[in-house]
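Here's the structure, in structure tokens; my notes come after.
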Amino acid sequence: MDASFRARALAYLRFDGDDEAALVRLQPAFARNEERLLDDFYGRVLNDADARAVLRDERMVDSLRESLRHWARSLLEPPYDDAYVQKRARIGQRHVQVGLPQRFMPLAMNAMRIHLHRVAIEVEGADHDRLLRAIGAIDKLLDFELTVMLETYAADWGARLVRTERLATIGQLAAGVSHELKNPIGVVNTSLLLLKQRLPQDVSVAIQKPVERITRAARHAADLCTQLLEFARTKEPRLQRVALEELFADAIAHVDRPETVTIVTSIEPKEASAVLDAADISRALTNLLRNAVTAIIDTERAGTIRLHAESTDELVVFTIADDGPGIPLELQTQIFEPLFTTRSNGVGLGLALCRDIATAHGGSIDVHSDPGHGATFTLRLPQRA
């Protein structure tokens with residue numbers, strides 16, 4: 001947001017020193033009604049299903065409530081300078097980060113406007129001219145605030161458009177490179193298979209370990225190629241009825257893990273099945289399990305991953321919970337974005353692919369994490385006849 005934005009916007013609104021003075025006079029009455037404003041505002045927000053889905057973590061609600069408190073107090077505290085605007089922009093960016101829909105911005109300003117109008121009536125109700133000045137100042141400032149907030153969403157959409165165009169180009173390149181790499185990787189895997197068959201049973205550890213390392217590296221390279229190809233193309237799920245127990249077994253078989261990481265499975269009901277694309281859902285579960293294994297390994301201690309499925313008449317729900325380090329709150333809305341990764345050796349496609357697979361099935365995926373106490377990913381798919 002450029003430095004001239006504030007001056008141009010306030011000049012357009014004809015916001016002046018008299019407006020500032022009118023707002024300052026409201027401070028004491030506003031402070032007395034602060035808690036009522038916060039309760040009313042978040043009461044409205046949390047009654048909305050979409051907002052509640054975004055603000056599902058109580059700590060996030062508490063954090064945003066405190067942010068609103070500071071924001072509301074500073075509304076009536078000039079100067080309205082460039083530093084003031086930058087603080088407002090950061091609040092807007094925070095809303096973008098947590099995924100709060102843009103439509104809540106004008107609705108939030110409406111709630112604040114009604115509250116401040118009541119405060120103005122309480123303070124200036126006996127003086128008609130001063131009341132009009134106070135209400136006019138409130139409206140100008142909140143219109144300015146709304147403009148700042150919406151600018152942050154516009155900037156985010158612009159950045160998303162650039163990323164989308166970039167990803168389209170990367171996807172085309174990735175598809176071509178992955179296709180070309182599959183053949184030499186296939187040769188490596190076939191050669192390794194023949195080599196293992198011809199090695200004597202009593203071959204030394206000095207030979208066994210390098211062969212196993214090559215095998216794991218070749219498998220990892222093949223998986224990366226598959227991810228890149230799947231990411232680059234869109235396909236309809238090939239639906240068939242699959243036993244969930246078989247699905248779990250297939251996913252776990254593709255996950256390398258040390259002995260210190262335990263995977264515990266459970267299915268309700270035990271013999272449950274579902275109509276889905278077995279290859280795609282197995283790939284999604286594999287990606288989630290690998291991430292959980294890596295998270296536990298990063299703690300340098302033993303850990304457990306709980307893979308659970310529950311089937312009802314409407315939904316089949318998979319949960320993958322680990323006791324690793326967890327995911328910071330500010331990253332939880334970004335981890336499903338393509339190419340977003342916090343790992344030096346990551347490519348940022350695994351979770352993006354999981355989301356695409358869930359969406360293609362008409363389902364969803366989300367994460368709940370208490371940093372320091374692990375993470376739980378939930379994959380919800382509609383149950384089909």
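Labeling convention for the structure tokens: chains A, B, ... as they appear, residues from 1 per chain, ligands from 1 in order of appearance.
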If we count only C-alpha atoms, what is near segment 200-213 of chain A at a cut-off of 12 Å, once residues fewer than 6 positions away on the same chain are taken out, given as a PyMOL selection string? chain A and resi 188-189+191-194+219-220+256
Writer output for current selection, C-alpha atoms, as an mmCIF file, in the first residue's frame:
data_model
loop_
_atom_site.group_PDB
_atom_site.id
_atom_site.type_symbol
_atom_site.label_atom_id
_atom_site.label_comp_id
_atom_site.auth_asym_id
_atom_site.auth_seq_id
_atom_site.Cartn_x
_atom_site.Cartn_y
_atom_site.Cartn_z
ATOM 1 C CA VAL A 188 16.818 -48.170 -12.058
ATOM 2 C CA ASN A 189 14.045 -49.995 -10.183
ATOM 3 C CA SER A 191 17.864 -53.204 -12.315
ATOM 4 C CA LEU A 192 17.676 -53.065 -8.529
ATOM 5 C CA LEU A 193 15.129 -55.894 -8.509
ATOM 6 C CA LEU A 194 17.390 -58.067 -10.667
ATOM 7 C CA ARG A 219 11.103 -45.041 -4.841
ATOM 8 C CA HIS A 220 11.115 -41.441 -3.584
ATOM 9 C CA ASP A 256 8.839 -45.893 4.947
#
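Atom to atom, atom CA of Asn183 of chain A and atom CA of Ala222 of chain A stand 9.8 Å apart.
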Name the residues of segment 171-338 of chain A that fall into alpha helix (DSSP H) according to DSSP on the backbone, using the chain letters and numbers of this document, as a count of residues only. 87
Kindly provide the residues of segment 335-363 of chain A that approach segment 316-320 of chain A to within 12 Å, each paired with its closest atom pair and their distance in Å to one decimal, based on only C-alpha atoms, listed by chain and increasing number, as a tab-separated table.
residue	atom	partner	partner_atom	distance
A:Ala358	CA	A:Phe318	CA	11.1
A:His361	CA	A:Val316	CA	11.4
A:Gly362	CA	A:Val316	CA	11.8
A:Gly363	CA	A:Val316	CA	9.6
Keeping N, CA and C atoms, export the residues of the selection given above as a compact mmCIF listing (two decimals), in the first residue's frame.
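Resulting contents of again_5.txt:
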# COMPACT_ATOMS: atom_id res chain seq x y z
N ALA A 358 -9.54 -34.67 -2.64
CA ALA A 358 -10.76 -34.52 -1.84
C ALA A 358 -11.82 -33.75 -2.62
N HIS A 361 -13.58 -35.64 -5.32
CA HIS A 361 -14.55 -36.59 -4.78
C HIS A 361 -15.77 -35.88 -4.19
N GLY A 362 -15.79 -34.55 -4.25
CA GLY A 362 -16.89 -33.80 -3.65
C GLY A 362 -16.76 -33.68 -2.14
N GLY A 363 -15.52 -33.86 -1.64
CA GLY A 363 -15.28 -33.80 -0.20
C GLY A 363 -14.40 -32.64 0.19
Across A:Asp62, A:Asp82, A:Glu246, A:Asp366, the smallest distance to Ile335 of chain A, with only C-alpha atoms counted, is shown by A:Asp366
Name the residues of segment 308-340 of chain A that fall into strand (DSSP E) according to DSSP on the backbone, using the chain letters and numbers of this document, as a ChimeraX atom specification. /A:308-311,315-322
Limited to N, CA and C atoms, could you put the picked residues into a file as a PDB file, in the first residue's frame?
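Generated file (again_15.pdb):
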ATOM      1  N   HIS A 308      -7.546 -43.495  11.367  1.00  0.00           N
ATOM      2  CA  HIS A 308      -8.899 -43.933  11.724  1.00  0.00           C
ATOM      3  C   HIS A 308      -9.861 -43.627  10.582  1.00  0.00           C
ATOM      4  N   ALA A 309     -10.829 -44.492  10.400  1.00  0.00           N
ATOM      5  CA  ALA A 309     -11.895 -44.258   9.419  1.00  0.00           C
ATOM      6  C   ALA A 309     -13.233 -44.552  10.068  1.00  0.00           C
ATOM      7  N   GLU A 310     -14.212 -43.709   9.753  1.00  0.00           N
ATOM      8  CA  GLU A 310     -15.564 -43.922  10.260  1.00  0.00           C
ATOM      9  C   GLU A 310     -16.547 -43.748   9.113  1.00  0.00           C
ATOM     10  N   SER A 311     -17.379 -44.750   8.932  1.00  0.00           N
ATOM     11  CA  SER A 311     -18.330 -44.748   7.818  1.00  0.00           C
ATOM     12  C   SER A 311     -19.751 -44.631   8.338  1.00  0.00           C
ATOM     13  N   LEU A 315     -21.387 -40.021   5.125  1.00  0.00           N
ATOM     14  CA  LEU A 315     -19.977 -39.675   4.967  1.00  0.00           C
ATOM     15  C   LEU A 315     -19.064 -40.845   5.297  1.00  0.00           C
ATOM     16  N   VAL A 316     -17.878 -40.806   4.706  1.00  0.00           N
ATOM     17  CA  VAL A 316     -16.769 -41.617   5.197  1.00  0.00           C
ATOM     18  C   VAL A 316     -15.683 -40.621   5.586  1.00  0.00           C
ATOM     19  N   VAL A 317     -15.233 -40.697   6.834  1.00  0.00           N
ATOM     20  CA  VAL A 317     -14.301 -39.718   7.388  1.00  0.00           C
ATOM     21  C   VAL A 317     -13.010 -40.410   7.796  1.00  0.00           C
ATOM     22  N   PHE A 318     -11.900 -39.930   7.239  1.00  0.00           N
ATOM     23  CA  PHE A 318     -10.582 -40.435   7.597  1.00  0.00           C
ATOM     24  C   PHE A 318      -9.886 -39.391   8.477  1.00  0.00           C
ATOM     25  N   THR A 319      -9.253 -39.828   9.546  1.00  0.00           N
ATOM     26  CA  THR A 319      -8.439 -38.925  10.354  1.00  0.00           C
ATOM     27  C   THR A 319      -7.057 -39.516  10.524  1.00  0.00           C
ATOM     28  N   ILE A 320      -6.060 -38.666  10.386  1.00  0.00           N
ATOM     29  CA  ILE A 320      -4.660 -39.044  10.571  1.00  0.00           C
ATOM     30  C   ILE A 320      -4.098 -38.120  11.637  1.00  0.00           C
ATOM     31  N   ALA A 321      -3.866 -38.653  12.824  1.00  0.00           N
ATOM     32  CA  ALA A 321      -3.412 -37.846  13.958  1.00  0.00           C
ATOM     33  C   ALA A 321      -2.022 -38.304  14.389  1.00  0.00           C
ATOM     34  N   ASP A 322      -1.121 -37.346  14.577  1.00  0.00           N
ATOM     35  CA  ASP A 322       0.223 -37.674  15.058  1.00  0.00           C
ATOM     36  C   ASP A 322       0.517 -36.917  16.344  1.00  0.00           C
TER      37      ASP A 322
END
So which residues touch Ala29 of chain A within 9 Å, counting only C-alpha atoms, skipping near sequence neighbours fewer than 2 positions away, as number ranges by chain? A: 25-27, 31-34, 119-120, 122-123
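Here atom CA of Asp19 of chain A is placed at a distance of 17.8 Å from atom CA of Ile114 of chain A.
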With only C-alpha atoms as the basis for distance, which of A:Ile185, A:Leu76, A:Ala11, A:Ala89 is at the shortest distance from Leu224 of chain A? A:Ile185
9 Å contact set for segment 262-267 of chain A, only C-alpha atoms, chain neighbours under 5 positions out, as a JSON list (two decimals) with C-alpha atoms, in the first residue's frame:
[["chain", "number", "residue", "atom", "x", "y", "z"],
["A", 244, "LEU", "CA", -11.39, -49.54, 4.00],
["A", 245, "GLU", "CA", -9.13, -52.13, 5.59],
["A", 248, "PHE", "CA", -5.31, -48.68, 4.82],
["A", 252, "ILE", "CA", 0.76, -48.03, 4.89],
["A", 257, "ARG", "CA", 9.23, -45.33, 8.67],
["A", 272, "ALA", "CA", -16.78, -50.84, 6.37],
["A", 289, "LEU", "CA", 1.09, -40.57, 6.69],
["A", 293, "VAL", "CA", 6.19, -39.74, 10.02],
["A", 302, "ALA", "CA", 9.38, -42.16, 19.39],
["A", 303, "GLY", "CA", 5.86, -41.36, 18.31],
["A", 304, "THR", "CA", 2.49, -42.73, 17.24],
["A", 305, "ILE", "CA", 0.26, -42.05, 14.24],
["A", 306, "ARG", "CA", -3.42, -42.95, 14.54],
["A", 307, "LEU", "CA", -5.15, -43.71, 11.25],
["A", 308, "HIS", "CA", -8.90, -43.93, 11.72],
["A", 309, "ALA", "CA", -11.90, -44.26, 9.42],
["A", 310, "GLU", "CA", -15.56, -43.92, 10.26],
["A", 311, "SER", "CA", -18.33, -44.75, 7.82]]
